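Enquirer: Okay, so here is upload_31.cif, and as you'll see once you scroll down, it has mmCIF, C-alpha atoms.
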data_upload
#
loop_
_atom_site.label_atom_id
_atom_site.label_comp_id
_atom_site.auth_asym_id
_atom_site.auth_seq_id
_atom_site.Cartn_x
_atom_site.Cartn_y
_atom_site.Cartn_z
CA MET A 871 11.65 25.53 36.89
CA LYS A 872 10.03 22.43 35.40
CA GLN A 873 6.55 23.51 36.44
CA TYR A 874 7.20 26.94 34.99
CA LEU A 875 8.24 25.43 31.64
CA ILE A 876 5.11 23.25 31.55
CA LYS A 877 2.85 26.23 32.29
CA GLN A 878 4.73 28.33 29.74
CA PHE A 879 4.00 25.74 27.04
CA TYR A 880 0.33 25.16 27.79
CA ARG A 881 -0.44 28.85 28.26
CA ASN A 882 0.68 29.51 24.71
CA LYS A 883 -2.49 29.48 22.61
CA ALA A 884 -0.53 28.86 19.42
CA TYR A 885 0.77 25.56 20.80
CA LEU A 886 -2.69 24.50 21.95
CA PHE A 887 -4.11 25.41 18.56
CA GLY A 888 -1.36 23.32 16.91
CA LEU A 889 -2.26 20.29 19.04
CA LEU A 890 -5.97 20.80 18.33
CA PHE A 891 -5.29 21.10 14.60
CA LEU A 892 -3.22 17.91 14.65
CA PHE A 893 -5.98 16.09 16.52
CA LEU A 894 -8.71 17.23 14.11
CA VAL A 895 -6.70 16.34 11.01
CA GLY A 896 -6.00 12.97 12.59
CA LEU A 897 -9.72 12.41 13.13
CA MET A 898 -10.37 13.29 9.51
CA SER A 899 -7.78 10.74 8.40
CA ILE A 900 -9.36 8.04 10.56
CA TYR A 901 -12.77 8.86 9.10
CA THR A 902 -11.29 8.59 5.59
CA GLY A 903 -9.91 5.16 6.43
CA LYS A 904 -13.22 4.03 7.92
CA LYS A 905 -15.13 5.07 4.79
CA PHE A 906 -12.55 3.26 2.66
CA LEU A 907 -13.15 0.03 4.59
CA GLU A 908 -16.92 0.42 4.41
CA LYS A 909 -16.78 0.96 0.65
CA ASN A 910 -14.51 -2.06 0.29
CA GLU A 911 -16.80 -4.29 2.36
CA ASP A 912 -19.84 -3.08 0.43
CA ILE A 913 -18.19 -3.99 -2.89
CA ILE A 914 -17.37 -7.48 -1.63
CA ILE A 915 -20.94 -8.08 -0.44
CA LYS A 916 -22.40 -6.84 -3.72
CA SER A 917 -19.90 -8.87 -5.73
CA GLU A 918 -20.93 -12.05 -3.98
CA HIS A 919 -24.57 -11.34 -4.81
CA PHE A 920 -23.71 -10.38 -8.40
CA GLN A 921 -21.73 -13.58 -9.01
CA LYS A 922 -24.59 -15.73 -7.79
CA GLU A 923 -27.13 -13.77 -9.83
CA SER A 924 -24.92 -13.94 -12.94
CA ILE A 925 -24.60 -17.71 -12.67
CA GLU A 926 -28.37 -18.15 -12.27
CA LYS A 927 -29.20 -15.98 -15.29
CA ASN A 928 -26.63 -17.52 -17.62
CA VAL A 929 -27.54 -21.07 -16.62
CA LYS A 930 -31.23 -20.28 -17.13
CA TYR A 931 -30.85 -18.87 -20.66
CA ASN A 932 -27.90 -20.92 -21.98
CA LYS A 933 -28.35 -24.20 -20.18
CA ASP A 934 -27.28 -26.41 -23.10
CA ASP A 935 -24.16 -24.38 -24.02
CA LEU A 936 -21.67 -24.58 -21.17
CA GLY A 937 -18.94 -22.88 -23.21
CA LEU A 938 -21.18 -19.84 -23.72
CA ILE A 939 -22.18 -19.75 -20.04
CA LEU A 940 -18.55 -19.66 -18.94
CA TYR A 941 -17.72 -17.04 -21.54
CA TYR A 942 -19.74 -14.54 -19.51
CA ILE A 943 -19.56 -15.64 -15.87
CA LYS A 944 -16.99 -13.88 -13.72
CA PHE A 945 -15.56 -15.58 -10.64
CA ASN A 946 -14.54 -13.15 -7.92
CA PHE A 947 -11.29 -13.40 -6.00
CA ILE A 948 -10.80 -11.25 -2.89
CA ASN A 949 -7.60 -9.75 -1.56
CA ASN A 950 -8.36 -9.76 2.16
CA THR A 951 -8.20 -6.25 3.61
CA PRO A 952 -7.20 -6.05 7.30
CA LYS A 953 -8.71 -3.35 9.47
CA LEU A 954 -5.28 -1.78 9.80
CA ALA A 955 -5.50 -0.83 6.11
CA ALA A 956 -7.79 2.02 7.19
CA LEU A 957 -4.73 3.75 8.69
CA SER A 958 -2.48 3.19 5.69
CA ILE A 959 -4.45 2.71 2.47
CA GLY A 960 -1.33 2.48 0.32
CA MET A 961 -1.89 0.92 -3.11
CA ARG A 962 -5.42 -0.23 -2.33
CA ASP A 963 -6.83 3.08 -3.57
CA LEU A 964 -5.94 2.21 -7.19
CA ASN A 965 -5.64 -1.57 -7.10
CA PRO A 966 -8.96 -3.24 -6.32
CA SER A 967 -9.30 -5.58 -3.34
CA ILE A 968 -11.57 -7.85 -5.38
CA HIS A 969 -11.15 -8.96 -8.97
CA GLY A 970 -13.62 -10.84 -11.14
CA VAL A 971 -12.25 -13.00 -13.96
CA THR A 972 -13.76 -15.28 -16.56
CA ILE A 973 -11.96 -18.44 -17.67
CA ARG A 974 -10.90 -16.64 -20.84
CA ASN A 975 -7.51 -14.92 -21.23
CA LEU A 976 -6.20 -13.47 -17.97
CA GLU A 977 -3.58 -10.88 -18.96
CA GLU A 978 -6.11 -8.41 -20.27
CA GLN A 979 -8.50 -8.92 -17.36
CA ARG A 980 -5.97 -8.55 -14.57
CA TYR A 981 -5.31 -4.87 -15.39
CA ASP A 982 -8.97 -3.88 -15.22
CA SER A 983 -9.72 -1.50 -12.34
CA ASP A 984 -12.15 1.19 -11.27
CA PHE A 985 -12.15 4.61 -12.91
CA TYR A 986 -10.95 7.47 -10.72
CA ASN A 987 -11.01 11.22 -10.95
CA PRO A 988 -7.41 12.12 -11.94
CA ALA A 989 -7.42 15.13 -9.62
CA ASN A 990 -8.28 12.92 -6.66
CA VAL A 991 -5.62 10.41 -7.59
CA ALA A 992 -3.00 13.17 -7.78
CA THR A 993 -3.76 14.45 -4.29
CA GLY A 994 -3.96 10.99 -2.75
CA ASN A 995 -5.86 9.86 0.34
CA LEU A 996 -5.80 11.70 3.64
CA ASP A 997 -5.15 8.52 5.58
CA PHE A 998 -3.45 8.34 8.98
CA SER A 999 -0.04 7.50 7.47
CA PHE A 1000 -0.23 10.66 5.38
CA VAL A 1001 -0.91 12.73 8.50
CA LEU A 1002 1.87 10.99 10.43
CA VAL A 1003 4.52 11.32 7.73
CA LEU A 1004 3.75 14.87 6.57
CA ILE A 1005 1.63 16.78 9.10
CA PHE A 1006 3.15 15.63 12.40
CA PRO A 1007 6.67 16.85 11.43
CA LEU A 1008 5.32 20.30 10.54
CA ILE A 1009 3.74 20.67 13.98
CA ILE A 1010 6.93 19.40 15.62
CA ILE A 1011 8.98 21.97 13.67
CA ALA A 1012 6.56 24.74 14.68
CA PHE A 1013 6.90 23.69 18.35
CA CYS A 1014 10.68 23.33 18.43
CA TYR A 1015 12.40 25.70 16.00
CA ASN A 1016 12.67 28.61 18.48
CA ILE A 1017 13.09 26.80 21.80
CA LEU A 1018 16.60 28.22 22.26
CA SER A 1019 16.70 31.13 19.81
CA GLU A 1020 13.56 32.73 21.28
CA GLU A 1021 15.19 32.96 24.71
CA GLU A 1022 18.31 34.55 23.22
CA GLU A 1023 16.31 36.98 21.05
CA ASN A 1024 14.12 38.05 23.99
CA GLY A 1025 17.12 38.53 26.26
CA THR A 1026 15.96 35.95 28.82
CA TRP A 1027 18.71 33.41 28.14
CA LYS A 1028 21.17 35.11 30.47
CA LEU A 1029 18.55 35.18 33.22
CA LEU A 1030 17.96 31.45 32.76
CA SER A 1031 21.69 30.80 32.85
CA VAL A 1032 21.84 32.47 36.26
CA GLN A 1033 18.82 30.64 37.65
CA SER A 1034 19.73 27.20 36.30
CA GLY A 1035 22.89 25.27 36.87
CA ASN A 1036 22.50 23.27 33.64
CA LEU A 1037 21.17 25.09 30.58
CA GLY A 1038 21.15 21.93 28.51
CA ASN A 1039 18.59 20.38 30.85
CA ILE A 1040 16.25 23.31 30.20
CA ILE A 1041 16.41 22.75 26.45
CA ASP A 1042 15.91 19.02 26.82
CA TYR A 1043 12.99 19.47 29.19
CA LYS A 1044 11.32 21.89 26.77
CA LEU A 1045 11.74 19.29 24.03
CA PHE A 1046 10.45 16.58 26.35
CA ILE A 1047 7.28 18.57 27.12
CA ARG A 1048 6.58 18.93 23.40
CA PHE A 1049 7.45 15.31 22.72
CA VAL A 1050 5.00 14.14 25.39
CA SER A 1051 2.27 16.46 24.03
CA VAL A 1052 2.64 15.29 20.41
CA SER A 1053 2.98 11.65 21.50
CA THR A 1054 -0.22 11.99 23.52
CA ILE A 1055 -2.08 13.17 20.41
CA TYR A 1056 -0.58 10.25 18.46
CA PHE A 1057 -1.57 7.68 21.10
CA THR A 1058 -5.05 9.19 21.46
CA LEU A 1059 -5.69 9.10 17.71
CA LEU A 1060 -4.56 5.49 17.46
CA LEU A 1061 -6.75 4.58 20.44
CA ILE A 1062 -9.76 6.28 18.81
CA ALA A 1063 -9.03 4.51 15.52
CA THR A 1064 -8.73 1.17 17.31
CA TYR A 1065 -12.21 1.36 18.82
CA TRP A 1066 -13.92 3.31 16.03
CA ILE A 1067 -12.77 0.95 13.30
CA THR A 1068 -12.47 -2.07 15.63
CA ILE A 1069 -8.86 -2.78 14.72
CA PRO A 1070 -7.68 -6.00 16.40
CA PHE A 1071 -4.58 -5.98 18.61
CA THR A 1072 -2.33 -7.99 16.30
CA VAL A 1073 1.45 -8.03 16.03
CA ASN A 1074 1.22 -5.81 12.96
CA TYR A 1075 -0.84 -3.30 14.93
CA PHE A 1076 1.80 -2.95 17.66
CA LEU A 1077 4.59 -2.72 15.07
CA PHE A 1078 2.62 0.02 13.30
CA PHE A 1079 2.22 1.81 16.61
CA ILE A 1080 5.92 1.62 17.57
CA SER A 1081 7.24 2.57 14.12
CA GLY A 1082 5.08 5.70 14.04
CA TRP A 1083 6.25 6.69 17.51
CA LEU A 1084 9.91 6.23 16.52
CA TYR A 1085 9.28 8.41 13.47
CA ILE A 1086 7.99 11.16 15.76
CA ALA A 1087 11.07 10.72 17.97
CA PHE A 1088 13.32 11.10 14.92
CA TRP A 1089 11.91 14.56 14.18
CA PHE A 1090 12.39 15.73 17.77
CA VAL A 1091 16.00 14.53 17.81
CA LEU A 1092 16.58 16.25 14.45
CA CYS A 1093 15.13 19.49 15.83
CA ARG A 1094 17.38 19.18 18.89
CA TRP A 1095 20.45 18.98 16.67
CA ILE A 1096 19.42 21.93 14.48
CA ILE A 1097 18.50 24.32 17.29
CA LEU A 1098 21.76 23.66 19.14
CA PHE A 1099 23.62 25.38 16.29
CA ARG A 1100 22.21 28.53 17.94
CA LYS A 1101 21.01 30.15 14.72
CA THR A 1102 18.19 32.69 14.69
CA SER A 1103 14.56 31.55 14.82
CA ALA A 1104 14.07 32.38 11.14
CA GLN A 1105 17.17 30.39 10.17
CA ASN A 1106 16.13 27.39 12.25
CA ALA A 1107 12.65 27.40 10.74
CA LEU A 1108 14.05 27.70 7.22
CA ILE A 1109 16.58 24.89 7.72
CA LEU A 1110 13.99 22.53 9.20
CA LEU A 1111 11.45 23.29 6.46
CA ILE A 1112 14.09 22.68 3.79
CA VAL A 1113 14.86 19.32 5.42
CA TRP A 1114 11.14 18.50 5.58
CA ILE A 1115 10.61 19.38 1.91
CA GLY A 1116 13.81 17.61 0.90
CA ILE A 1117 13.22 14.22 2.54
CA ASN A 1118 9.47 14.20 1.90
CA PHE A 1119 9.32 15.48 -1.67
CA ILE A 1120 12.59 16.32 -3.43
CA VAL A 1121 14.47 13.11 -2.60
CA PRO A 1122 11.52 10.70 -3.19
CA MET A 1123 10.53 12.41 -6.46
CA SER A 1124 14.10 12.53 -7.76
CA CYS A 1125 14.71 8.91 -6.81
CA ASN A 1126 11.42 7.88 -8.36
CA MET A 1127 12.37 9.48 -11.68
CA LEU A 1128 15.75 7.75 -11.53
CA ILE A 1129 14.19 4.38 -10.69
CA GLN A 1130 11.73 4.73 -13.56
CA LYS A 1131 14.63 5.50 -15.87
CA ILE A 1132 16.66 2.49 -14.71
CA TYR A 1133 13.70 0.09 -14.46
CA PRO A 1134 11.14 1.14 -17.11
CA THR A 1135 7.96 -0.93 -16.90
CA GLN A 1136 6.41 -0.84 -20.35
CA GLU A 1137 6.11 -4.63 -20.04
CA SER A 1138 2.58 -4.38 -18.62
CA LEU A 1139 1.39 -2.79 -21.86
CA GLU A 1140 3.50 -5.23 -23.87
CA ALA A 1141 1.85 -8.15 -22.04
CA VAL A 1142 -1.63 -6.91 -22.93
CA MET A 1143 -0.66 -6.24 -26.55
CA ALA A 1144 1.11 -9.59 -26.88
CA GLN A 1145 -1.92 -11.36 -25.45
CA ARG A 1146 -4.30 -9.59 -27.82
CA GLU A 1147 -2.08 -10.21 -30.83
CA GLY A 1148 -1.55 -13.82 -29.82
CA PHE A 1149 -5.29 -14.33 -29.42
CA HIS A 1150 -6.64 -12.46 -32.46
CA SER A 1151 -4.04 -13.80 -34.88
CA LYS A 1152 -5.26 -17.34 -34.19
CA TRP A 1153 -8.50 -16.63 -36.05
CA ASP A 1154 -6.55 -16.47 -39.32
CA GLU A 1155 -4.26 -19.42 -38.63
CA PRO A 1156 -4.84 -23.20 -38.93
CA LYS A 1157 -6.40 -24.67 -35.80
CA GLN A 1158 -4.15 -27.67 -35.39
CA PRO A 1159 -0.88 -25.83 -34.57
CA THR A 1160 -2.70 -23.99 -31.80
CA MET A 1161 -4.10 -27.24 -30.43
CA ASN A 1162 -0.69 -28.94 -30.58
CA LYS A 1163 0.83 -26.19 -28.45
CA PHE A 1164 -2.08 -26.45 -26.04
CA TYR A 1165 -1.75 -30.26 -25.78
CA LYS A 1166 1.97 -29.91 -25.11
CA ILE A 1167 1.28 -27.75 -22.06
CA TYR A 1168 -1.81 -29.68 -20.96
CA PRO A 1169 -1.34 -33.29 -22.12
CA GLN A 1170 -4.36 -34.38 -20.05
CA PHE A 1171 -6.63 -32.80 -22.68
CA LYS A 1172 -5.21 -34.63 -25.73
CA LYS A 1173 -8.26 -36.83 -25.94
CA TYR A 1174 -10.41 -33.81 -26.81
CA THR A 1175 -9.55 -33.49 -30.49
CA ILE A 1176 -10.95 -31.19 -33.15
CA GLU A 1177 -11.09 -31.28 -36.93
CA GLU A 1178 -9.45 -28.61 -39.04
CA ASN A 1179 -12.62 -28.07 -41.01
CA ASP A 1180 -14.72 -27.48 -37.91
CA SER A 1181 -16.16 -23.96 -38.17
CA PHE A 1182 -16.10 -23.30 -34.43
CA THR A 1183 -15.63 -25.34 -31.28
CA TRP A 1184 -15.29 -24.22 -27.69
CA THR A 1185 -12.31 -26.55 -27.31
CA TRP A 1186 -10.34 -24.62 -29.92
CA TYR A 1187 -11.64 -21.25 -28.71
CA TYR A 1188 -10.49 -21.69 -25.08
CA ALA A 1189 -7.20 -23.23 -26.22
CA MET A 1190 -6.68 -20.20 -28.44
CA GLN A 1191 -7.47 -17.87 -25.53
CA GLN A 1192 -4.91 -19.59 -23.35
CA MET A 1193 -2.24 -19.41 -26.05
CA GLY A 1194 -2.63 -15.63 -25.98
CA ASP A 1195 -1.72 -15.66 -22.29
CA PHE A 1196 1.27 -17.92 -22.85
CA GLU A 1197 2.62 -15.64 -25.55
CA ALA A 1198 2.37 -12.71 -23.13
CA ALA A 1199 3.97 -14.63 -20.23
CA ASN A 1200 7.53 -13.32 -20.78
CA SER A 1201 6.43 -9.68 -20.78
CA SER A 1202 4.28 -10.27 -17.71
CA ASN A 1203 7.13 -11.95 -15.80
CA ASN A 1204 9.56 -9.19 -16.78
CA TYR A 1205 7.11 -6.60 -15.48
CA ILE A 1206 6.85 -8.37 -12.12
CA ASP A 1207 10.64 -8.70 -11.87
CA LYS A 1208 11.15 -4.99 -12.52
CA MET A 1209 8.51 -4.03 -9.97
CA ASN A 1210 10.30 -6.18 -7.39
CA GLN A 1211 13.59 -4.50 -8.29
CA ARG A 1212 11.97 -1.09 -7.90
CA ASN A 1213 10.65 -2.09 -4.51
CA LYS A 1214 14.09 -3.25 -3.32
CA VAL A 1215 15.75 0.00 -4.37
CA THR A 1216 13.03 1.96 -2.54
CA GLU A 1217 13.61 -0.14 0.58
CA TYR A 1218 17.32 0.70 0.51
CA LEU A 1219 16.49 4.40 0.20
CA GLY A 1220 14.19 4.08 3.18
CA TYR A 1221 17.11 3.02 5.37
CA PHE A 1222 18.51 6.55 4.98
CA PHE A 1223 15.28 8.56 4.80
CA PRO A 1224 12.75 7.90 7.62
CA PRO A 1225 9.67 9.26 5.76
CA ILE A 1226 10.19 6.74 2.93
CA HIS A 1227 10.91 3.98 5.42
CA THR A 1228 7.82 4.79 7.48
CA GLN A 1229 5.52 4.74 4.46
CA LEU A 1230 6.96 1.44 3.25
CA ILE A 1231 6.79 -0.46 6.51
CA GLU A 1232 3.38 0.85 7.55
CA THR A 1233 1.85 -0.22 4.23
CA GLN A 1234 3.55 -3.57 4.80
CA PHE A 1235 1.95 -3.90 8.24
CA ALA A 1236 -1.42 -2.92 6.72
CA GLU A 1237 -0.93 -5.28 3.74
CA THR A 1238 -1.44 -2.46 1.26
CA ASN A 1239 2.06 -2.31 -0.22
CA LEU A 1240 3.46 -3.28 -3.60
CA GLN A 1241 4.53 -6.72 -2.42
CA ASN A 1242 0.97 -7.49 -1.38
CA ASN A 1243 -0.30 -6.38 -4.79
CA LEU A 1244 2.23 -8.58 -6.62
CA ALA A 1245 1.48 -11.57 -4.37
CA TYR A 1246 -2.24 -11.08 -4.96
CA GLY A 1247 -1.59 -10.97 -8.72
CA LYS A 1248 0.23 -14.31 -8.52
CA ALA A 1249 -2.60 -15.79 -6.44
CA LEU A 1250 -5.13 -14.46 -8.98
CA GLN A 1251 -3.21 -16.24 -11.73
CA ASP A 1252 -3.34 -19.52 -9.77
CA PHE A 1253 -7.04 -18.98 -9.09
CA HIS A 1254 -7.70 -18.41 -12.80
CA GLU A 1255 -5.83 -21.57 -13.75
CA GLU A 1256 -7.69 -23.59 -11.13
CA LYS A 1257 -11.01 -22.47 -12.60
CA ARG A 1258 -9.92 -23.17 -16.17
CA LEU A 1259 -8.66 -26.66 -15.46
CA TYR A 1260 -11.82 -27.47 -13.52
CA PHE A 1261 -14.21 -26.40 -16.30
CA TYR A 1262 -12.23 -27.46 -19.39
CA PRO A 1263 -13.19 -31.16 -19.24
CA TYR A 1264 -16.89 -30.32 -18.97
CA ILE A 1265 -16.71 -27.85 -21.87
CA PHE A 1266 -14.53 -30.03 -24.11
CA SER A 1267 -16.72 -33.09 -23.61
CA GLY A 1268 -19.83 -31.10 -24.61
CA GLN A 1269 -21.72 -31.38 -21.33
CA ASN A 1270 -24.45 -28.96 -20.33
CA ALA A 1271 -24.92 -26.78 -17.24
CA ASP A 1272 -26.44 -29.60 -15.17
CA ALA A 1273 -23.03 -31.29 -14.97
CA ILE A 1274 -21.71 -28.48 -12.75
CA ASP A 1275 -22.50 -28.06 -9.06
CA TRP A 1276 -22.88 -24.29 -9.20
CA ASP A 1277 -23.42 -23.98 -5.46
CA LYS A 1278 -19.73 -24.75 -4.99
CA GLN A 1279 -18.72 -21.79 -7.15
CA ILE A 1280 -18.38 -19.31 -4.32
CA ILE A 1281 -16.10 -16.31 -3.86
CA LYS A 1282 -12.59 -17.21 -2.71
CA SER A 1283 -10.03 -15.01 -1.01
CA PHE A 1284 -6.30 -14.47 -0.74
CA GLN A 1285 -4.60 -14.08 2.63
CA ASP A 1286 -1.23 -12.36 2.54
CA ASN A 1287 1.51 -13.79 4.76
CA GLN A 1288 4.39 -11.37 4.40
CA LYS A 1289 7.32 -12.08 6.67
CA ILE A 1290 8.38 -9.07 8.71
CA ASN A 1291 12.06 -8.59 9.51
CA LEU A 1292 12.14 -6.67 12.80
CA VAL A 1293 15.78 -5.70 12.31
CA LYS A 1294 14.98 -4.04 8.97
CA VAL A 1295 11.97 -2.34 10.53
CA PHE A 1296 13.56 -0.77 13.61
CA LEU A 1297 17.32 -0.61 12.97
CA PRO A 1298 17.14 2.34 10.50
CA TYR A 1299 15.19 4.40 13.06
CA LEU A 1300 17.52 3.54 15.93
CA LEU A 1301 20.71 4.19 13.96
CA ILE A 1302 19.55 7.59 12.66
CA ILE A 1303 18.25 8.67 16.08
CA PHE A 1304 21.48 7.53 17.74
CA LEU A 1305 23.59 9.35 15.14
CA LEU A 1306 21.64 12.59 15.59
CA LEU A 1307 21.99 12.30 19.37
CA ILE A 1308 25.76 11.95 19.03
CA LEU A 1309 25.97 14.92 16.65
CA SER A 1310 23.83 17.09 18.90
CA GLN A 1311 25.69 16.04 22.03
CA ASN A 1312 28.80 17.96 20.98
CA LYS A 1313 26.69 21.11 20.63
CA TYR A 1314 25.02 20.28 23.92
CA LYS A 1315 28.36 20.23 25.76
CA LYS A 1316 29.30 23.65 24.38
CA LEU A 1317 25.94 25.02 25.53
CA CYS A 1318 26.50 23.82 29.06
#
Would you mind writing the file's structure down as structure tokens?
Expert:
Amino acid sequence: MKQYLIKQFYRNKAYLFGLLFLFLVGLMSIYTGKKFLEKNEDIIIKSEHFQKESIEKNVKYNKDDLGLILYYIKFNFINNTPKLAALSIGMRDLNPSIHGVTIRNLEEQRYDSDFYNPANVATGNLDFSFVLVLIFPLIIIAFCYNILSEEEENGTWKLLSVQSGNLGNIIDYKLFIRFVSVSTIYFTLLLIATYWITIPFTVNYFLFFISGWLYIAFWFVLCRWIILFRKTSAQNALILLIVWIGINFIVPMSCNMLIQKIYPTQESLEAVMAQREGFHSKWDEPKQPTMNKFYKIYPQFKKYTIEENDSFTWTWYYAMQQMGDFEAANSSNNYIDKMNQRNKVTEYLGYFFPPIHTQLIETQFAETNLQNNLAYGKALQDFHEEKRLYFYPYIFSGQNADAIDWDKQIIKSFQDNQKINLVKVFLPYLLIIFLLLILSQNKYKKLC
């Protein structure tokens, strides 16, 4: 009987076409991820060359005015992109993996990013996570929706009941054949991606691998429960498609609208506006109050004084720039807090909806999630302050470009070290799969 069921599955051209389609779409997603990494690496290489070239040109033409040199020079800070990011691009498609900043105000610079075609942004990237979360379940539904109903509709169920002592085993073996077939495609695609993109065998890689496989198992267990209600093929297909649409689109979109309503994030715009207002208003104000505020925050620079009647000094100009950032600090911090709150709510939703959970944890493994972006933003702020405090004494004391060892001004990078809670990663999968097995077991007993 088992050999017959295996032959029955692989002789069906529709099933073979489904597996081939899944494999080809998977290859396309891997190629998309590979091109993303290549583009990212190319930008980093060019940025390193551009920074060096920019320093050389500005030093050559403005050697005696260090304040003017540093007005233009951008120092690049990299958000390290692991190879695994090729499989789950996440937020890296809109948030750059490298950011160049001058020592002027930061709040306005940190929101600069590449321009994108809005149509492309709306559709998103066809990365491997997209294929896993959305395409794999459709193939699984197509393979499983009529496993039982087809036999009843064709009149062969009674014949099987005579030939087999346990009808439930037949259903489970049919599901097992399909599970092995889909899992084989999944394993093969990951193996191809590993060697094509040269993804290292890290802990995150194996967690990514296991979480995706558990997500596939969830859909098979869900199909098992639905088909054991013994509805018609059309009803089974409709129910499963409604579930697929609901947990992949309706629930996430509805929750996203609700989260945006509860945690509105206009603070990012407020931060930029506050910074600009704080900076530009200083041109029309007395210089000394600005300097007093600056000295209060950075008492080490009190010795660099200015006169109120001075027409322009770089000391006052950079102090004024920094005051703009300080006046925008509350809005910026509120924005970060609300984004963290949004992320926590989404995590809680993921515990009940595997597609959301899978997307969240796989972007975490690939270091392309929101938490990575926020941590990189904090590191960029520290990097900016480090540069400012290094150059301020040279600028304020009126030194020229020869005082700086420009060879030491190289590109620096940020390495994310997110802590992964294995219980939070795997427990939602295991609980939902176990619950569905219990629910389907009652139907299973009635079938037997």
Enquirer: One decimal, in Å: what's the spacing between CA of Pro1224 (chain A) and CA of Asp1042 (chain A)?
Expert: 22.4 Å
Enquirer: Within 9 Å of (-7.9, 11.0, 2.5), only C-alpha atoms: residues as a list of chain:residue names?
Expert: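 Residues with an atom close enough to that point: A:Met898, A:Ser899, A:Ile900, A:Tyr901, A:Thr902, A:Gly903, A:Ile959, A:Thr993, A:Gly994, A:Asn995, A:Leu996, A:Asp997, A:Phe998, A:Phe1000.
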Enquirer: Determine the nearest neighbour of Phe1304 (chain A) from the options A:Phe891, A:Phe1099, A:Leu1084, A:Pro1225, counting only C-alpha atoms.
Expert: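 Nearest to Phe1304 (chain A): A:Leu1084.
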Enquirer: Report as AutoDock Vina command-line options the centre and the edge lengths, in Å to one decimal, of the axis-aligned box holding every listed atom of region 997-1010 of chain A, padded by 6 Å on each side.
Expert:
--center_x 0.9 --center_y 14.1 --center_z 10.5 --size_x 24.1 --size_y 25.2 --size_z 22.2
Enquirer: Work out how far apart CA of Ile1206 (chain A) and CA of Thr1135 (chain A) are and give it in Å to one decimal.
Expert: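 Computing the Euclidean distance for CA of Ile1206 (chain A) and CA of Thr1135 (chain A) yields 8.9 Å.
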Enquirer: Find the distance between CA of Ser1267 (chain A) and CA of Phe945 (chain A) and write it in Å to one decimal.
Expert: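 Interatomic distance, CA of Ser1267 (chain A) to CA of Phe945 (chain A): 21.8 Å.
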Enquirer: Check the smallest atom-to-atom distance from each of A:Ile1231, A:Ala1189, A:Leu1060, A:Leu1092 to Tyr1262 (chain A) using all atoms listed in the file, then report the winner.
Expert: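 Closest candidate: A:Ala1189.
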Enquirer: Got a sec: who's within 9 Å of Ile1080 (chain A), counting only C-alpha atoms, leaving out chain neighbours fewer than 5 positions off, as a PDB file with C-alpha atoms, in the frame of the given file?
Expert:
ATOM      1  CA  TYR A1075      -0.840  -3.300  14.930  1.00  0.00           C
ATOM      2  CA  TYR A1085       9.280   8.410  13.470  1.00  0.00           C
ATOM      3  CA  PHE A1296      13.560  -0.770  13.610  1.00  0.00           C
TER       4      PHE A1296
END
Enquirer: Counting all atoms listed in the file, which residue out of A:Lys1289, A:Ile1308, A:Ile1055, A:Tyr1133 sits closest to Asn1204 (chain A)?
Expert: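 Ranking A:Lys1289, A:Ile1308, A:Ile1055, A:Tyr1133 by distance to Asn1204 (chain A), first place goes to A:Tyr1133.
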Enquirer: Using only C-alpha atoms, which residue out of A:Pro1122, A:Leu1300, A:Tyr1065, A:Asn950 lies closest to Phe1223 (chain A)?
Expert: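 Looking at the shortest contact to Phe1223 (chain A), the residue is A:Pro1122.
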Enquirer: Can you work out which one of A:Phe1013, A:Trp1184, A:Thr1072, A:Phe1049 has the shortest atom-to-atom distance to Ile1265 (chain A), counting all atoms listed in the file?
Expert: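 For Ile1265 (chain A), the nearest of the given residues is A:Trp1184.
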Enquirer: Write out as a list in words each polymer residue whose atoms come within 9 Å of Tyr1174 (chain A), counting all atoms listed in the file; drop sequence neighbours fewer than 4 positions from it.
Expert: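 That gives Thr1185, Pro1263, Phe1266 and Ser1267 of chain A.
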Enquirer: Give me region 1282-1286 of chain A from this structure - N, CA, C and O atoms, as a CSV table (one decimal), in the first residue's frame.
Expert:
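Saved as selection_37.csv:
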chain,number,residue,atom,x,y,z
A,1282,LYS,N,34.6,52.7,9.7
A,1282,LYS,CA,34.3,51.8,10.8
A,1282,LYS,C,33.0,51.1,10.7
A,1282,LYS,O,32.2,51.5,9.8
A,1283,SER,N,32.8,50.0,11.4
A,1283,SER,CA,31.6,49.2,11.3
A,1283,SER,C,31.0,48.9,12.6
A,1283,SER,O,31.6,48.9,13.6
A,1284,PHE,N,29.7,48.5,12.5
A,1284,PHE,CA,28.9,48.1,13.7
A,1284,PHE,C,28.6,46.6,13.5
A,1284,PHE,O,28.1,46.2,12.5
A,1285,GLN,N,28.9,45.9,14.6
A,1285,GLN,CA,28.5,44.5,14.6
A,1285,GLN,C,27.4,44.3,15.6
A,1285,GLN,O,27.5,44.5,16.8
A,1286,ASP,N,26.3,43.8,15.1
A,1286,ASP,CA,25.1,43.5,16.0
A,1286,ASP,C,25.3,42.3,16.8
A,1286,ASP,O,25.8,41.3,16.3
